[in-house]
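Novice: A single structure is presented below for examination.
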Amino acid sequence: MQKSTSWWIVSSAVILVAILVSTTPVEYALQAKYVLPEQTQPANLVSGGEYTDFLPSIKITVGSKGFPMVVSPNGTDDFDTIEDVVEWTVNNKEWLYEKLYQHGGILFRGFTKALATPQDFEKLALTLEPDLEEFYLGTSTRSVHEGTRVVHSASNYPGWRIIPSHMEMSFLPELPTRQFFYAYAPNSGDGGETPLVDFRQVFRDLNPKVVEKFKQRKVKYIRMYNDPDEGPCYNYFIHKDWQSMFKTNNATLAGELAKKNGFNWSFDKEELTVNGTKSYKGTMKLIHVLPPTRIHPVTGDEIWSNHMNVLHVDSIPAEFAFSAQHLRSWKYVLIHHCFEAIVAVQSYLYGGKAEMGHHVTHEDGEMDREDVDHIKQTVWKNTIIYKHQKGDVALLDNKRVGHGRQPYKGTRTILTTWH
């Protein structure tokens with residue numbers, strides 16, 4: 001009898017705790033600096049206006065925050081093949097790019113039959129950008145999709161991992177101009193969205209004193225890439241090896257390619273060869289300094305354009321706090337706190353955040369945490385989130401609009417290419 005009573009008490013306590021957790025807002029477990037601004041909400045893709053230029057065959061609407069512009073077939077069967085879509089795109093390319101620079105992004109939605117395969121996506125992307133890139137210098141792990149030349153996986157990270165919003169390769173001296181995403185197989189459950197951020201508006205909303213401080217002290221990028229020949233890498237903040245980064249096993253050639261792209265480079269293992277030259281192996285470190293903003297080459301607008309939102313080590317726990325609220329998930333509250341602990345422990349063990357695998361500082365020292373939190377809040381304020389539909393193709397002005405990835409369960413195949 002006593003055993004039965006004890007079991008009943010324990011079970012009741014577990015059920016009570018589960019009810020309390022499930023009904024308590026996740027914000028109660030987060031610091032105030034992580035609570036989302038009220039403006040961050042799922043995007044309304046039709047309430048920002050409408051174009052009548054191509055009615056009745058094509059319907060064009062604009063999102064509630066002025067982006068993206070959504071292009072859809074208006075209930076007709078005029079666009080059942082990729083050739084139909086390509087022909088319309090070719091005939092209206094100039095108009096599309098005019099609207100791209102106005103709205104920051106174009107979402108092709110509803111062309112499900114025409115955009116059924118990655119090869120269809122590649123045809124459309126090459127129609128708009130014939131010189132798409134094949135070489136990738138980014139920090140994510142990616143692979144070329146089978147049967148295509150320039151279409152890559154958006155990321156090979158497992159579904160629970162998060163990718164903070166950023167403009168593609170904005171740590172480069174010259175970042176790509178445009179990027180495409182294709183929803184080949186969107187996940188059916190919660191999460192998995194590709195958030196979009198208007199970094200022009202981020203710049204306009206930032207505290208001018210913070211902007212001026214960043215302009216004076218600049219942004220210093222510190223990235224490390226492991227050597228698989230030296231054994232497995234267990235550092236969460238090192239995402240890939242330098243061999244796959246630079247497509248070579250020759251460390252000296254990798255260094256030359258790094259220098260060509262504006263990076264100062266070094267290896268943690270250097271030795272003299274018999275003929276007196278240096279050979280390199282081990283972990284590769286890349287360091288370079290850039291200003292925090294850029295002038296858009298077409299519109300002339302000043303844009304908040306840097307990779308701080310991804311590479312600052314405190315950004316990862318902050319982003320999990322964002323996901324916890326977006327998904328109303330206590331799981332990601334727990335992951336958020338776990339990563340805060342990981343950052344603290346790993347920073348201590350490695351002798352500082354700058355030695356953890358990837359990080360950003362000012363040219364003359366660490367960024368103020370208050371500035372980092374303010375920038376994160378401003379990015380979240382200017383984020384829209386929409387659910388992928390199969391066949392969606394998003395074309396982004398990569399010098400203004402950034403993207404990220406929300407965590408998800410199950411399978412998901414989002415592909416990308418860029419110029």
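The way I read the labels, and the way they are meant: chains A, B, ... in the order of the structure tokens, residue 1 as the first residue of every chain, and ligand 1 as the first ligand shown, with later ones counted on from there.
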Show me, as CSV, the residues of region 364-383 of chain A having an atom within 10 Å of region 321-328 of chain A, each with the closest atom pair and its distance in Å, using only C-alpha atoms.

Specialist:
residue,atom,partner,partner_atom,distance
A:Lys376,CA,A:Phe322,CA,9.9
A:Gln377,CA,A:Phe322,CA,9.8
A:Trp380,CA,A:Phe322,CA,8.2

Novice: Output N, CA and C atoms for every residue in the selection just made, as a short mmCIF file (atom, residue, chain, number, x, y, z; two decimals), in the first residue's frame.

Specialist:
data_model
loop_
_atom_site.label_atom_id
_atom_site.label_comp_id
_atom_site.auth_asym_id
_atom_site.auth_seq_id
_atom_site.Cartn_x
_atom_site.Cartn_y
_atom_site.Cartn_z
N LYS A 376 21.32 42.54 -31.59
CA LYS A 376 20.48 41.35 -31.73
C LYS A 376 19.00 41.72 -31.68
N GLN A 377 18.62 42.56 -30.73
CA GLN A 377 17.23 42.98 -30.61
C GLN A 377 16.76 43.70 -31.87
N TRP A 380 16.17 41.15 -34.61
CA TRP A 380 14.91 40.43 -34.40
C TRP A 380 13.70 41.32 -34.74
#

Novice: Let's see if you can do this: from backbone DSSP, list all alpha helix (DSSP H) residues in region 274-331 of chain A, as a list in words.

Specialist: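 Written out, the alpha helix (DSSP H) residues of region 274-331 of chain A are Met308, Asn309, Val310, Leu311, Ser315, Ile316, Pro317, Ala318, Glu319, Phe320, Ala321, Phe322, Ser323, Ala324, Gln325, His326, Trp330 and Lys331 of chain A.
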
Novice: Within 10 Å of Pro176 (chain A), counting only C-alpha atoms, which residues show up once you throw out same-chain ones fewer than 5 positions away? Write them as a ChimeraX atom specification, please.

Specialist: /A:132-133,167-170,397-399,418-419

Novice: Counting only C-alpha atoms, which residue out of A:Gln201, A:Ser140, A:Ser72, A:Asn156 sits closest to Thr411 (chain A)?

Specialist: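 For Thr411 (chain A), the nearest of the given residues is A:Asn156.
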
Novice: Excluding same-chain residues fewer than 4 positions from Asn382 (chain A), what lies within 10 Å of it counting only C-alpha atoms, as a PDB file with N, CA and C atoms, in the first residue's frame?

Specialist:
ATOM      1  N   PRO A  37      11.147  41.586 -29.367  1.00  0.00           N
ATOM      2  CA  PRO A  37      10.342  42.792 -29.559  1.00  0.00           C
ATOM      3  C   PRO A  37       8.958  42.410 -30.065  1.00  0.00           C
ATOM      4  N   GLN A  39       7.320  43.535 -32.414  1.00  0.00           N
ATOM      5  CA  GLN A  39       7.179  43.588 -33.868  1.00  0.00           C
ATOM      6  C   GLN A  39       7.500  42.250 -34.544  1.00  0.00           C
ATOM      7  N   THR A  40       8.243  41.367 -33.855  1.00  0.00           N
ATOM      8  CA  THR A  40       8.629  40.101 -34.458  1.00  0.00           C
ATOM      9  C   THR A  40       7.458  39.135 -34.410  1.00  0.00           C
ATOM     10  N   GLN A  41       6.972  38.743 -35.559  1.00  0.00           N
ATOM     11  CA  GLN A  41       5.815  37.865 -35.646  1.00  0.00           C
ATOM     12  C   GLN A  41       5.809  37.187 -37.009  1.00  0.00           C
ATOM     13  N   LYS A  65       5.682  44.059 -44.202  1.00  0.00           N
ATOM     14  CA  LYS A  65       6.782  44.976 -43.880  1.00  0.00           C
ATOM     15  C   LYS A  65       7.467  45.514 -45.129  1.00  0.00           C
ATOM     16  N   LEU A 196      13.799  36.068 -42.734  1.00  0.00           N
ATOM     17  CA  LEU A 196      14.384  37.102 -43.585  1.00  0.00           C
ATOM     18  C   LEU A 196      14.499  38.386 -42.791  1.00  0.00           C
ATOM     19  N   VAL A 197      15.611  39.086 -42.971  1.00  0.00           N
ATOM     20  CA  VAL A 197      15.884  40.315 -42.214  1.00  0.00           C
ATOM     21  C   VAL A 197      16.244  41.442 -43.170  1.00  0.00           C
ATOM     22  N   ASP A 198      15.612  42.589 -42.984  1.00  0.00           N
ATOM     23  CA  ASP A 198      15.936  43.778 -43.768  1.00  0.00           C
ATOM     24  C   ASP A 198      17.055  44.527 -43.053  1.00  0.00           C
ATOM     25  N   PHE A 199      18.304  44.326 -43.489  1.00  0.00           N
ATOM     26  CA  PHE A 199      19.442  44.937 -42.811  1.00  0.00           C
ATOM     27  C   PHE A 199      19.579  46.423 -43.148  1.00  0.00           C
ATOM     28  N   ARG A 200      18.873  46.910 -44.150  1.00  0.00           N
ATOM     29  CA  ARG A 200      18.817  48.356 -44.354  1.00  0.00           C
ATOM     30  C   ARG A 200      18.050  49.001 -43.205  1.00  0.00           C
ATOM     31  N   GLN A 201      16.928  48.389 -42.831  1.00  0.00           N
ATOM     32  CA  GLN A 201      16.144  48.926 -41.731  1.00  0.00           C
ATOM     33  C   GLN A 201      16.840  48.705 -40.393  1.00  0.00           C
ATOM     34  N   VAL A 202      17.605  47.623 -40.279  1.00  0.00           N
ATOM     35  CA  VAL A 202      18.401  47.408 -39.068  1.00  0.00           C
ATOM     36  C   VAL A 202      19.331  48.590 -38.854  1.00  0.00           C
ATOM     37  N   ASP A 205      17.487  51.609 -37.616  1.00  0.00           N
ATOM     38  CA  ASP A 205      16.917  51.508 -36.274  1.00  0.00           C
ATOM     39  C   ASP A 205      17.967  51.431 -35.173  1.00  0.00           C
ATOM     40  N   GLN A 377      18.622  42.563 -30.727  1.00  0.00           N
ATOM     41  CA  GLN A 377      17.226  42.979 -30.610  1.00  0.00           C
ATOM     42  C   GLN A 377      16.758  43.703 -31.871  1.00  0.00           C
ATOM     43  N   THR A 378      17.630  44.516 -32.435  1.00  0.00           N
ATOM     44  CA  THR A 378      17.263  45.274 -33.633  1.00  0.00           C
ATOM     45  C   THR A 378      17.117  44.349 -34.838  1.00  0.00           C
TER      46      THR A 378
END

Novice: Quick one: everything within 8 Å of Leu311 (chain A), counting only C-alpha atoms, minus sequence neighbours fewer than 3 positions away in the same chain. Send it as a PyMOL selection string.

Specialist: chain A and resi 221+307-308+315+358-360

Novice: Would you put the residues from that selection into a file with N, CA and C atoms, as a PDB file, in the first residue's frame?

Specialist:
ATOM      1  N   TYR A 221      37.206  39.734 -37.572  1.00  0.00           N
ATOM      2  CA  TYR A 221      36.714  38.362 -37.696  1.00  0.00           C
ATOM      3  C   TYR A 221      37.827  37.381 -37.344  1.00  0.00           C
ATOM      4  N   HIS A 307      29.088  40.109 -40.272  1.00  0.00           N
ATOM      5  CA  HIS A 307      28.720  38.756 -39.856  1.00  0.00           C
ATOM      6  C   HIS A 307      28.685  38.608 -38.331  1.00  0.00           C
ATOM      7  N   MET A 308      28.597  39.730 -37.617  1.00  0.00           N
ATOM      8  CA  MET A 308      28.592  39.671 -36.161  1.00  0.00           C
ATOM      9  C   MET A 308      27.465  38.807 -35.636  1.00  0.00           C
ATOM     10  N   SER A 315      26.069  34.896 -29.737  1.00  0.00           N
ATOM     11  CA  SER A 315      24.900  34.925 -30.610  1.00  0.00           C
ATOM     12  C   SER A 315      24.138  33.604 -30.591  1.00  0.00           C
ATOM     13  N   HIS A 358      35.285  30.425 -33.540  1.00  0.00           N
ATOM     14  CA  HIS A 358      34.920  31.593 -34.343  1.00  0.00           C
ATOM     15  C   HIS A 358      34.394  32.668 -33.394  1.00  0.00           C
ATOM     16  N   HIS A 359      34.670  33.902 -33.752  1.00  0.00           N
ATOM     17  CA  HIS A 359      34.263  35.017 -32.896  1.00  0.00           C
ATOM     18  C   HIS A 359      34.465  36.310 -33.678  1.00  0.00           C
ATOM     19  N   VAL A 360      33.819  37.382 -33.233  1.00  0.00           N
ATOM     20  CA  VAL A 360      34.094  38.719 -33.752  1.00  0.00           C
ATOM     21  C   VAL A 360      34.359  39.642 -32.580  1.00  0.00           C
TER      22      VAL A 360
END

Novice: From the set A:Lys99, A:Arg369, A:Arg405, A:Lys269, which residue has the shortest atom-to-atom contact distance to Thr283 (chain A), counting only C-alpha atoms?

Specialist: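 The shortest atom-to-atom distance to Thr283 (chain A) comes from A:Lys269.
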
Novice: Compile the contact shell of region 264-267 of chain A as a list in words: residues with an atom at most 12 Å away, counting only C-alpha atoms, same-chain residues fewer than 6 positions apart removed.

Specialist: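 Using only C-alpha atoms, the neighbours found are Lys220, Tyr221, Ile222, Arg223, Met224, Tyr225, Asn226, Asp227, Trp242, Ala251, Thr252, Leu253, Ala254, Gly255, Glu256, Leu257, Ala258, Lys278, Ser279, Tyr280, Lys281, Gly282, Thr283, Met284, Lys285, Leu286, Ile287, His288 and Val289 of chain A.
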
Novice: To one decimal in Å, tell me the separation between CA of Val150 (chain A) and CA of Glu122 (chain A).

Specialist: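 One can read the CA of Val150 (chain A) to CA of Glu122 (chain A) distance as 7.3 Å.
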
Novice: Go through A:Gly49, A:Pro130, A:Gly66, A:Pro73 and flag the residue nearest Val90 (chain A), using only C-alpha atoms for the distances.

Specialist: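 Once distances to Val90 (chain A) are computed over only C-alpha atoms, the minimum belongs to A:Pro130.
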
Novice: Pick the closest to Val379 (chain A) from A:His403, A:Lys93, A:Lys331, A:Lys113: which is it, counting only C-alpha atoms?

Specialist: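 Closest to Val379 (chain A), using only C-alpha atoms: A:His403.
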